[in-house]
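File shown: final_22.cif (mmCIF, C-alpha atoms).
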```cif
data_target
loop_
_atom_site.label_atom_id
_atom_site.label_comp_id
_atom_site.auth_asym_id
_atom_site.auth_seq_id
_atom_site.Cartn_x
_atom_site.Cartn_y
_atom_site.Cartn_z
CA MET C 1 54.02 22.56 -10.03
CA PRO C 2 52.14 19.45 -11.22
CA MET C 3 49.18 18.20 -9.21
CA LYS C 4 49.61 15.12 -7.07
CA VAL C 5 46.85 12.83 -8.28
CA LEU C 6 45.57 9.70 -6.58
CA VAL C 7 43.31 7.26 -8.41
CA VAL C 8 41.08 5.46 -5.91
CA ILE C 9 39.72 2.13 -7.11
CA PRO C 10 36.98 0.56 -4.97
CA ALA C 11 36.94 -3.18 -5.74
CA HIS C 12 34.73 -6.01 -4.58
CA ASN C 13 35.53 -9.36 -6.26
CA GLU C 14 37.30 -7.73 -9.21
CA GLU C 15 40.35 -9.99 -9.54
CA GLU C 16 39.83 -10.43 -13.28
CA SER C 17 39.51 -6.80 -14.30
CA LEU C 18 42.05 -5.28 -11.90
CA PRO C 19 45.39 -6.21 -13.58
CA SER C 20 44.62 -4.52 -16.89
CA LEU C 21 43.06 -1.49 -15.17
CA LEU C 22 46.06 -1.03 -12.89
CA GLY C 23 48.37 -1.41 -15.89
CA GLU C 24 46.52 1.39 -17.69
CA ILE C 25 46.67 3.68 -14.66
CA ARG C 26 50.37 3.04 -14.21
CA LYS C 27 50.91 3.73 -17.92
CA ALA C 28 49.05 7.03 -17.53
CA GLY C 29 51.45 7.96 -14.72
CA TYR C 30 49.09 8.27 -11.76
CA ASP C 31 49.33 6.89 -8.24
CA ALA C 32 46.69 4.23 -7.63
CA LEU C 33 45.08 2.94 -4.47
CA VAL C 34 42.94 -0.22 -4.44
CA ILE C 35 40.21 -0.51 -1.81
CA ASN C 36 39.52 -4.19 -1.34
CA ASP C 37 36.04 -4.21 0.17
CA ALA C 38 36.19 -7.63 1.85
CA SER C 39 36.36 -9.49 -1.46
CA MET C 40 35.94 -13.23 -1.44
CA ASP C 41 38.23 -13.75 -4.41
CA ASN C 42 41.91 -12.83 -4.89
CA THR C 43 41.40 -9.10 -5.38
CA ALA C 44 43.82 -8.24 -2.57
CA ALA C 45 46.50 -10.63 -3.83
CA VAL C 46 46.17 -9.30 -7.38
CA ALA C 47 46.57 -5.70 -6.18
CA ARG C 48 49.60 -6.66 -4.10
CA ALA C 49 51.15 -8.50 -7.04
CA CYS C 50 50.75 -5.35 -9.13
CA GLY C 51 52.68 -3.40 -6.48
CA VAL C 52 49.82 -1.01 -5.80
CA PRO C 53 49.02 0.35 -2.30
CA LEU C 54 46.09 -1.56 -0.92
CA LEU C 55 43.49 -0.78 1.71
CA SER C 56 42.03 -4.14 2.62
CA LEU C 57 38.81 -3.72 4.59
CA PRO C 58 38.25 -6.70 6.89
CA VAL C 59 34.47 -6.34 6.67
CA ASN C 60 32.32 -5.19 3.77
CA LEU C 61 31.48 -1.48 4.09
CA GLY C 62 29.92 -0.96 0.69
CA ILE C 63 31.02 1.55 -1.90
CA GLY C 64 30.56 4.60 0.38
CA GLY C 65 32.66 3.38 3.28
CA GLY C 66 35.32 2.01 0.93
CA VAL C 67 35.71 5.17 -1.11
CA GLN C 68 35.75 7.28 2.05
CA ALA C 69 38.75 5.25 3.26
CA GLY C 70 40.45 6.28 0.00
CA PHE C 71 39.65 9.94 0.67
CA ILE C 72 41.19 9.65 4.15
CA TYR C 73 44.29 8.07 2.59
CA GLY C 74 44.49 10.92 0.04
CA MET C 75 44.11 13.54 2.77
CA ARG C 76 46.79 12.02 5.00
CA ASN C 77 49.23 11.59 2.10
CA ASN C 78 48.83 15.16 0.84
CA TYR C 79 47.28 14.49 -2.56
CA ASP C 80 45.86 17.45 -4.51
CA VAL C 81 43.21 15.55 -6.44
CA VAL C 82 41.47 12.22 -5.98
CA VAL C 83 39.95 10.51 -9.00
CA GLN C 84 37.46 7.73 -8.37
CA VAL C 85 37.54 4.90 -10.88
CA ASP C 86 35.42 1.75 -10.62
CA GLY C 87 37.29 -1.53 -10.27
CA ASP C 88 35.27 -3.25 -13.01
CA GLY C 89 37.24 -1.55 -15.77
CA GLN C 90 34.31 0.42 -17.20
CA HIS C 91 36.07 3.73 -16.69
CA ASN C 92 38.89 4.47 -19.08
CA PRO C 93 41.97 5.89 -17.27
CA ALA C 94 43.02 7.56 -20.52
CA LEU C 95 40.13 10.00 -19.98
CA ILE C 96 41.33 11.10 -16.53
CA PRO C 97 43.09 14.25 -17.87
CA GLU C 98 39.70 15.51 -19.08
CA LEU C 99 38.41 15.26 -15.50
CA LEU C 100 41.49 16.92 -14.07
CA SER C 101 41.71 20.00 -16.28
CA PRO C 102 38.66 21.88 -14.79
CA ILE C 103 40.06 21.28 -11.30
CA ALA C 104 43.52 22.44 -12.32
CA ALA C 105 41.94 25.57 -13.82
CA GLY C 106 40.03 26.19 -10.59
CA GLU C 107 36.68 25.91 -12.38
CA ALA C 108 35.27 23.12 -10.24
CA ASP C 109 35.75 21.12 -7.05
CA CYS C 110 34.02 18.04 -8.40
CA VAL C 111 34.07 16.92 -12.01
CA ILE C 112 31.74 14.10 -13.04
CA GLY C 113 32.33 11.98 -16.10
CA SER C 114 28.82 11.76 -17.55
CA ARG C 115 27.37 9.24 -19.98
CA TYR C 116 24.18 11.20 -20.56
CA MET C 117 25.13 14.77 -21.37
CA PRO C 118 22.55 15.94 -23.92
CA SER C 119 25.30 17.56 -25.97
CA SER C 120 27.28 14.33 -26.26
CA PRO C 121 25.54 11.22 -24.93
CA ASP C 122 27.40 7.92 -24.79
CA SER C 123 25.11 6.10 -27.22
CA ALA C 124 27.28 2.99 -27.24
CA TYR C 125 26.76 2.44 -23.50
CA LYS C 126 23.67 0.38 -22.73
CA THR C 127 22.32 1.30 -19.31
CA PRO C 128 20.35 -1.45 -17.57
CA PHE C 129 16.69 -0.51 -17.12
CA ALA C 130 16.80 -0.61 -13.31
CA ARG C 131 19.82 1.67 -13.11
CA ARG C 132 18.33 4.04 -15.68
CA MET C 133 15.16 4.42 -13.62
CA GLY C 134 17.11 4.95 -10.40
CA MET C 135 19.37 7.49 -12.02
CA ARG C 136 16.51 9.46 -13.55
CA PHE C 137 14.82 9.53 -10.18
CA SER C 138 17.90 10.80 -8.36
CA THR C 139 18.49 13.39 -11.10
CA ALA C 140 14.94 14.66 -10.67
CA ILE C 141 15.05 14.78 -6.88
CA LEU C 142 18.46 16.50 -6.90
CA ARG C 143 17.08 19.12 -9.26
CA TYR C 144 14.00 19.53 -7.07
CA ALA C 145 16.06 19.88 -3.89
CA THR C 146 18.81 22.15 -5.17
CA GLY C 147 17.99 23.37 -8.67
CA LEU C 148 21.16 21.62 -9.78
CA THR C 149 20.96 19.59 -13.00
CA VAL C 150 23.30 16.62 -13.12
CA HIS C 151 22.52 14.15 -15.90
CA ASP C 152 24.55 11.24 -14.56
CA THR C 153 24.13 11.27 -10.80
CA THR C 154 25.20 7.64 -10.38
CA SER C 155 28.47 7.96 -12.27
CA GLY C 156 31.39 6.70 -10.20
CA PHE C 157 33.90 8.30 -12.54
CA ARG C 158 34.62 11.61 -10.85
CA ALA C 159 37.48 13.79 -9.74
CA LEU C 160 37.56 15.81 -6.54
CA SER C 161 39.71 18.74 -5.49
CA ARG C 162 41.59 18.53 -2.20
CA ARG C 163 39.00 20.71 -0.47
CA ALA C 164 36.18 18.47 -1.62
CA PHE C 165 37.74 15.09 -0.81
CA CYS C 166 38.97 16.35 2.58
CA TYR C 167 35.35 17.22 3.32
CA PHE C 168 34.29 13.74 2.20
CA ALA C 169 36.98 12.19 4.39
CA HIS C 170 34.88 13.42 7.32
CA GLU C 171 31.42 13.03 5.90
CA TYR C 172 30.35 10.67 3.15
CA PRO C 173 27.11 8.73 2.58
CA VAL C 174 27.24 4.97 3.06
CA ASP C 175 25.39 3.04 0.36
CA HIS C 176 24.56 4.33 -3.15
CA PRO C 177 26.39 7.52 -2.13
CA GLU C 178 26.81 9.24 -5.50
CA ALA C 179 23.63 11.34 -5.61
CA GLU C 180 23.73 12.17 -1.90
CA ALA C 181 27.38 13.18 -2.21
CA LEU C 182 26.42 15.74 -4.86
CA LEU C 183 23.77 17.19 -2.57
CA LEU C 184 26.32 17.44 0.25
CA LEU C 185 28.81 19.21 -2.03
CA HIS C 186 26.17 21.64 -3.23
CA LEU C 187 25.05 22.48 0.31
CA ARG C 188 28.65 23.11 1.36
CA GLY C 189 29.19 25.48 -1.55
CA PHE C 190 31.49 23.31 -3.69
CA SER C 191 31.21 23.73 -7.44
CA ILE C 192 30.20 20.73 -9.52
CA LEU C 193 30.86 20.29 -13.20
CA GLU C 194 29.72 17.55 -15.54
CA ILE C 195 31.66 16.66 -18.64
CA PRO C 196 30.83 14.08 -21.30
CA THR C 197 32.73 10.83 -21.19
CA ARG C 198 32.64 7.34 -22.67
CA MET C 199 32.43 4.14 -20.71
CA ARG C 200 33.47 0.64 -21.61
CA ALA C 201 31.49 -2.54 -21.23
CA ARG C 202 32.08 -4.47 -18.01
CA SER C 203 34.72 -7.10 -18.72
CA SER C 204 33.82 -9.38 -15.81
CA GLY C 205 31.89 -9.57 -12.55
CA GLN C 206 28.38 -8.37 -11.82
CA SER C 207 26.88 -4.97 -11.10
CA LEU C 208 25.84 -4.44 -7.48
CA PHE C 209 22.84 -2.46 -8.72
CA THR C 210 20.37 -5.34 -8.93
CA PHE C 211 16.69 -5.11 -9.86
CA PHE C 212 15.67 -5.54 -6.23
CA LYS C 213 17.99 -2.77 -5.10
CA ALA C 214 16.71 -0.57 -7.90
CA GLY C 215 13.19 -0.92 -6.53
CA PHE C 216 14.40 0.16 -3.12
CA TYR C 217 16.66 2.90 -4.46
CA PRO C 218 14.13 5.77 -4.88
CA PHE C 219 12.93 5.45 -1.31
CA ARG C 220 16.52 5.17 -0.13
CA VAL C 221 17.45 8.37 -2.01
CA ILE C 222 14.48 10.29 -0.61
CA ILE C 223 15.32 9.33 2.96
CA GLY C 224 19.03 10.02 2.40
CA PHE C 225 18.22 13.46 0.99
CA CYS C 226 15.82 14.15 3.88
CA GLY C 227 18.57 13.25 6.34
CA ILE C 228 21.05 15.61 4.70
CA LEU C 229 18.56 18.45 4.32
CA LEU C 230 17.33 18.11 7.90
CA ARG C 231 20.91 18.28 9.10
CA GLY C 232 21.53 21.19 6.74
CA GLY C 233 24.74 19.58 5.48
CA LYS C 234 26.51 21.07 8.51
CA ASN C 235 28.21 18.00 9.84
CA VAL C 236 31.88 18.84 9.76
CA MET S 237 -13.78 8.83 11.94
CA SER S 238 -13.92 8.22 15.68
CA LYS S 239 -12.03 10.24 18.24
CA LEU S 240 -9.95 7.18 19.08
CA ALA S 241 -8.92 6.72 15.44
CA ILE S 242 -7.89 10.37 15.30
CA LEU S 243 -5.88 9.92 18.49
CA THR S 244 -4.18 6.86 17.01
CA ILE S 245 -3.27 8.71 13.84
CA VAL S 246 -1.83 11.56 15.89
CA VAL S 247 0.24 9.12 17.95
CA PHE S 248 1.66 7.38 14.86
CA ALA S 249 2.32 10.72 13.18
CA ALA S 250 4.25 11.72 16.30
CA LEU S 251 6.26 8.50 16.04
CA ILE S 252 7.15 9.29 12.43
CA VAL S 253 8.25 12.78 13.48
CA TYR S 254 10.30 11.22 16.28
CA THR S 255 11.96 8.87 13.77
CA LEU S 256 12.89 11.83 11.57
CA TYR S 257 14.16 13.67 14.63
CA LEU S 258 16.45 10.71 15.42
CA LEU S 259 17.66 10.80 11.81
CA ARG S 260 18.35 14.53 12.13
CA MET S 261 20.27 14.05 15.37
CA ARG S 262 22.37 11.35 13.65
CA LYS S 263 21.22 8.79 16.19
CA LEU S 264 19.48 6.74 13.50
CA SER S 265 21.03 5.98 10.11
CA SER S 266 19.00 6.63 6.98
CA HIS S 267 19.43 2.95 6.18
CA VAL S 268 17.40 2.01 9.25
CA THR S 269 15.02 4.97 8.97
CA VAL S 270 13.76 3.70 5.61
CA ARG S 271 12.48 0.51 7.21
CA TRP S 272 11.05 2.27 10.19
CA ILE S 273 9.14 4.83 8.21
CA MET S 274 7.71 1.90 6.22
CA VAL S 275 6.61 0.10 9.39
CA GLU S 276 5.09 3.20 10.91
CA VAL S 277 3.26 4.15 7.73
CA ALA S 278 1.91 0.57 7.51
CA ALA S 279 0.69 0.76 11.09
CA LEU S 280 -0.88 4.12 10.39
CA LEU S 281 -2.68 2.75 7.32
CA ILE S 282 -3.99 -0.20 9.31
CA VAL S 283 -5.49 2.19 11.82
CA VAL S 284 -6.96 4.46 9.17
CA PHE S 285 -8.54 1.51 7.36
CA TRP S 286 -9.41 -0.36 10.50
CA GLN S 287 -13.09 -0.54 9.62
CA TYR S 288 -12.19 -2.54 6.53
CA LEU S 289 -10.66 -5.32 8.59
CA PRO S 290 -13.75 -7.20 9.80
CA PHE S 291 -12.03 -10.58 9.46
CA TYR S 292 -9.50 -9.71 12.13
CA ALA S 293 -12.19 -8.25 14.35
CA ARG S 294 -14.25 -11.47 14.18
CA THR S 295 -11.45 -14.02 14.50
CA SER S 296 -9.91 -12.20 17.44
CA ALA S 297 -13.09 -13.01 19.42
CA MET S 298 -13.09 -9.54 20.85
CA SER S 299 -16.35 -7.94 20.04
CA ASP S 300 -15.47 -4.68 21.67
CA ARG S 301 -13.63 -3.05 18.84
CA THR S 302 -12.68 -0.01 20.84
CA LEU S 303 -10.94 -2.18 23.38
CA LEU S 304 -9.17 -4.08 20.63
CA LEU S 305 -8.02 -0.85 19.09
CA LEU S 306 -6.69 0.37 22.41
CA VAL S 307 -4.78 -2.84 23.05
CA THR S 308 -3.32 -2.83 19.53
CA LEU S 309 -2.35 0.80 19.80
CA GLY S 310 -0.65 0.28 23.14
CA ALA S 311 1.21 -2.82 21.97
CA GLY S 312 2.19 -1.17 18.70
CA VAL S 313 3.52 1.99 20.32
CA VAL S 314 5.55 0.08 22.91
CA LEU S 315 6.94 -2.31 20.30
CA ILE S 316 7.91 0.49 17.96
CA TRP S 317 9.48 2.51 20.76
CA LEU S 318 11.54 -0.47 21.93
CA LEU S 319 12.68 -1.37 18.45
CA LEU S 320 13.59 2.21 17.67
CA TYR S 321 15.65 2.28 20.80
CA GLY S 322 17.46 -0.86 19.62
CA PHE S 323 17.99 0.55 16.15
CA VAL S 324 19.57 3.69 17.59
CA HIS S 325 22.20 1.48 19.14
CA ILE S 326 22.66 -0.51 15.92
CA SER S 327 23.11 2.71 13.93
CA THR S 328 25.65 4.03 16.40
CA HIS S 329 27.63 0.81 16.36
CA THR S 330 27.49 0.58 12.56
CA GLY S 331 29.09 4.02 12.33
CA GLN S 332 31.74 3.07 14.85
CA ILE S 333 32.51 -0.19 13.05
CA LYS S 334 32.90 1.73 9.78
CA VAL S 335 35.46 4.09 11.30
CA LEU S 336 37.36 1.23 12.97
CA THR S 337 37.40 -0.80 9.75
CA GLN S 338 38.75 2.14 7.76
CA GLU S 339 41.40 2.91 10.35
CA LEU S 340 42.43 -0.75 10.51
CA ALA S 341 42.83 -0.88 6.73
CA LEU S 342 44.84 2.36 6.71
CA LEU S 343 47.06 1.10 9.51
CA ARG S 344 47.65 -2.22 7.74
CA GLN S 345 48.62 -0.36 4.60
CA LYS S 346 51.08 1.75 6.58
CA VAL S 347 52.59 -1.36 8.14
CA GLN S 348 52.90 -3.04 4.74
CA ALA S 349 54.47 0.08 3.24
CA ALA S 350 57.06 -0.07 6.02
CA GLY S 351 57.91 -3.58 4.88
CA ILE S 352 56.54 -5.37 7.92
CA ASP S 353 54.28 -8.39 7.56
CA ASP S 354 50.94 -7.30 9.02
CA GLY S 355 49.61 -10.86 9.02
CA SER S 356 46.60 -10.03 6.85
CA ALA S 357 47.83 -12.24 4.01
CA THR S 358 48.15 -15.32 6.21
CA PRO S 359 45.11 -17.35 7.21
CA ARG S 360 43.74 -16.86 10.68
CA LEU S 361 45.02 -19.34 13.24
CA GLN S 362 42.77 -21.07 15.71
CA PRO S 363 43.41 -19.65 19.19
CA SER S 364 45.25 -21.97 21.53
CA PRO S 365 43.43 -23.39 24.60
CA GLU S 366 45.56 -21.14 26.83
CA HIS S 367 44.57 -18.11 24.77
CA LYS S 368 40.91 -19.08 24.91
CA GLU S 369 41.18 -19.42 28.66
CA ALA S 370 42.88 -16.02 28.92
CA VAL S 371 40.22 -14.12 26.95
CA SER S 372 37.22 -15.98 28.36
CA PRO S 373 35.33 -13.70 30.77
CA LEU S 374 34.63 -16.59 33.14
CA PRO S 375 36.40 -19.93 33.57
CA ARG S 376 34.40 -22.89 32.31
CA ALA S 377 33.92 -24.36 35.81
CA LYS S 378 32.45 -21.12 37.15
CA LYS S 379 30.14 -20.84 34.15
CA SER S 380 28.75 -24.35 34.77
CA ILE S 381 28.18 -23.61 38.48
CA ILE S 382 26.23 -20.43 37.67
CA ARG S 383 24.16 -22.31 35.09
CA ALA S 384 23.44 -25.14 37.56
CA VAL S 385 22.35 -22.69 40.27
CA GLY S 386 20.10 -20.85 37.82
CA VAL S 387 18.44 -24.05 36.58
CA THR S 388 17.94 -25.29 40.17
CA CYS S 389 16.33 -22.02 41.23
CA ALA S 390 14.00 -22.05 38.20
CA LEU S 391 12.95 -25.66 38.91
CA ALA S 392 12.43 -24.88 42.60
CA TRP S 393 10.29 -21.87 41.72
CA ALA S 394 8.17 -23.94 39.31
CA ALA S 395 7.75 -26.71 41.94
CA ALA S 396 6.76 -24.13 44.60
CA CYS S 397 4.14 -22.65 42.28
CA LEU S 398 2.65 -26.11 41.57
CA LEU S 399 2.58 -27.04 45.26
CA LEU S 400 0.96 -23.73 46.12
CA TYR S 401 -1.67 -24.24 43.43
CA TYR S 402 -2.63 -27.79 44.57
CA TYR S 403 -2.16 -27.45 48.36
CA HIS S 404 -2.95 -23.82 49.12
CA HIS S 405 -5.95 -24.97 51.29
CA ARG S 406 -3.47 -26.65 53.68
CA LEU S 407 -1.65 -23.40 54.34
CA PRO S 408 -2.25 -21.51 57.63
CA ASP S 409 -5.38 -19.35 57.67
CA ALA S 410 -3.43 -16.10 57.82
CA VAL S 411 -1.39 -16.98 54.70
CA GLN S 412 -4.53 -18.11 52.87
CA ALA S 413 -6.22 -14.82 53.71
CA PHE S 414 -3.19 -12.91 52.48
CA LEU S 415 -3.09 -14.81 49.20
CA ARG S 416 -6.83 -14.45 48.67
CA ALA S 417 -6.64 -10.74 49.23
CA ASN S 418 -3.76 -10.20 46.88
CA TYR S 419 -3.79 -12.88 44.24
CA LEU S 420 -6.78 -15.16 44.29
CA GLU S 421 -9.48 -12.56 44.21
#
```

Structure re-expressed in structure tokens:
Amino acid sequence: MPMKVLVVIPAHNEEESLPSLLGEIRKAGYDALVINDASMDNTAAVARACGVPLLSLPVNLGIGGGVQAGFIYGMRNNYDVVVQVDGDGQHNPALIPELLSPIAAGEADCVIGSRYMPSSPDSAYKTPFARRMGMRFSTAILRYATGLTVHDTTSGFRALSRRAFCYFAHEYPVDHPEAEALLLLHLRGFSILEIPTRMRARSSGQSLFTFFKAGFYPFRVIIGFCGILLRGGKNV
Amino acid sequence: MSKLAILTIVVFAALIVYTLYLLRMRKLSSHVTVRWIMVEVAALLIVVFWQYLPFYARTSAMSDRTLLLLVTLGAGVVLIWLLLYGFVHISTHTGQIKVLTQELALLRQKVQAAGIDDGSATPRLQPSPEHKEAVSPLPRAKKSIIRAVGVTCALAWAAACLLLYYYHHRLPDAVQAFLRANYLE
């Protein structure tokens, strides 16, 4: 029996990149769900025009709160797998099967599409300096806290098994959640797998990971990790 | 390092531990904790390096540095405690707003999927005067009466204080003795 797959697309002011992305997802044959995180442009109207289910958040919750709404939707609509794809079009929906196959084989609960796997780095993708520093920091602190080595902790291109996204439907970090989410999964005994992937250049819009936020990010990650470790990841 | 400085450091260290305890109990979000740990560490550093702040000691016109330290410590601890208390409420409400926002979006999607206009696509209408009146906790007339009474009482209190200050010697001896015993001396 084929898996019921939901592609969750968090979008904040992504009216330009959404139509082509949704077209690609539809072509690939997956159900899509757009999370309009209180956009100021026509993101919601574009998603509606494409005939895609839309969760329109009346106030901005950030990537964590938005994606968690998608997990709740997936849980309540009996999906087997949720794939997270950024609304800026950087993630190629054609590569989704590569994320799905380890979950289908029962090898992992969370599969991360990584740009920085040593065996096959995405050399064409130019990572901004601020993001690179933040990512290296979160990689190091995750390794220190858990012994787990994930090369691309900030990748938003990931697939989650039903067990994993149902857990996240109840408990998910709020802002810059990617690294903290991995720590939560590890503490709860979920298996994490990283596979090499390629990412495209952003077609429009701006990254939310600004230089100022990058400066704040390491401290934010440390405190976030402390919070999870002090609670022991036993929240659900 | 003086005993007082050690005491201060212990108190601020306890505040940091208390902040982490609030984080652990999920009463304080990590978002807020970041800022609070920063503030508390800054306060701690100020105390530790207090002796290197002669400018503040001189311009404050308080030569007794121990007294100054005590006052600062007391004010700092109370301020931090009050603000932490406020932040606990903010963190709680932020979490509640997140859940409500998500549920609202999910409900709207369900309504749209059922083919019913949920109204989210149409611009918000200004509430009618009748609606405003219905949701207002107090009618406008009552509000203005309460405000007028409050202002009158405040002015009367200020006038009574001024009169007492300038004409207290005209008061009866017993009242003067009472005031002297309790306030003037």

Picked residues, the PyMOL selection byres ((chain S) within 10 of (chain C)), as a ChimeraX atom specification: /S:256-262,264-271,273-274,330-331,333-346,348-349,356-357

Spatial neighbours of C:Gly215, max dist 12 Å, all atoms listed in the file, sep filter under 6 positions, as number ranges by chain: C: 129-135, 137, 209, 221

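Atom pair atom CA of C:Thr139 / atom CA of C:His151 has a distance of 6.3 Å (rounded to one decimal).
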
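Rounded to one decimal, atom CA of C:Glu15 and atom CA of C:Gly156 lie 19.0 Å from each other.
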
Close residues, stretch 198-201 of chain C itself excluded, 10 Å, only C-alpha atoms, min 3 positions apart in chain, as a PyMOL selection string: chain C and resi 88-92+95+113-116+120-126+157+204

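Interatomic distance, atom CA of C:Pro196 to atom CA of C:Glu14: 25.8 Å.
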
Need the shell around C:Ile96: protein/DNA/RNA residues with any atom at most 10 Å away, counting only C-alpha atoms. Skip same-chain ones fewer than 4 positions apart. Format as a short mmCIF file (atom, residue, chain, number, x, y, z; two decimals) with C-alpha atoms, in the coordinates of the input?
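part-v2.cif written:
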```
data_model
loop_
_atom_site.label_atom_id
_atom_site.label_comp_id
_atom_site.auth_asym_id
_atom_site.auth_seq_id
_atom_site.Cartn_x
_atom_site.Cartn_y
_atom_site.Cartn_z
CA VAL C 7 43.31 7.26 -8.41
CA ILE C 25 46.67 3.68 -14.66
CA ALA C 28 49.05 7.03 -17.53
CA TYR C 30 49.09 8.27 -11.76
CA VAL C 83 39.95 10.51 -9.00
CA GLN C 84 37.46 7.73 -8.37
CA VAL C 85 37.54 4.90 -10.88
CA HIS C 91 36.07 3.73 -16.69
CA ASN C 92 38.89 4.47 -19.08
CA LEU C 100 41.49 16.92 -14.07
CA SER C 101 41.71 20.00 -16.28
CA GLY C 113 32.33 11.98 -16.10
CA PHE C 157 33.90 8.30 -12.54
CA ARG C 158 34.62 11.61 -10.85
CA ALA C 159 37.48 13.79 -9.74
CA THR C 197 32.73 10.83 -21.19
#
```

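Each of C:Val8, C:Cys166, C:Leu187, C:Ala47 was checked against C:Leu33 using all atoms listed in the file; the smallest atom-to-atom distance is that of C:Val8.
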
Among the residues C:Ala38, C:Ala181, C:Leu160, C:Ala94, the one that comes closest to C:Val5 [using all atoms listed in the file]: C:Leu160

Spatial neighbours of S:Tyr321, max dist 12 Å, all atoms listed in the file, sep filter under 2 positions, as a PyMOL selection string: chain S and resi 254-255+258+263-264+268+272+314-319+323-328

Print the selection's residues with C-alpha atoms to a file, as a compact mmCIF listing (two decimals), keeping the file's coordinate frame.
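This is the output file again-v4.txt:
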```txt
# COMPACT_ATOMS: atom_id res chain seq x y z
CA TYR S 254 10.30 11.22 16.28
CA THR S 255 11.96 8.87 13.77
CA LEU S 258 16.45 10.71 15.42
CA LYS S 263 21.22 8.79 16.19
CA LEU S 264 19.48 6.74 13.50
CA VAL S 268 17.40 2.01 9.25
CA TRP S 272 11.05 2.27 10.19
CA VAL S 314 5.55 0.08 22.91
CA LEU S 315 6.94 -2.31 20.30
CA ILE S 316 7.91 0.49 17.96
CA TRP S 317 9.48 2.51 20.76
CA LEU S 318 11.54 -0.47 21.93
CA LEU S 319 12.68 -1.37 18.45
CA PHE S 323 17.99 0.55 16.15
CA VAL S 324 19.57 3.69 17.59
CA HIS S 325 22.20 1.48 19.14
CA ILE S 326 22.66 -0.51 15.92
CA SER S 327 23.11 2.71 13.93
CA THR S 328 25.65 4.03 16.40
```
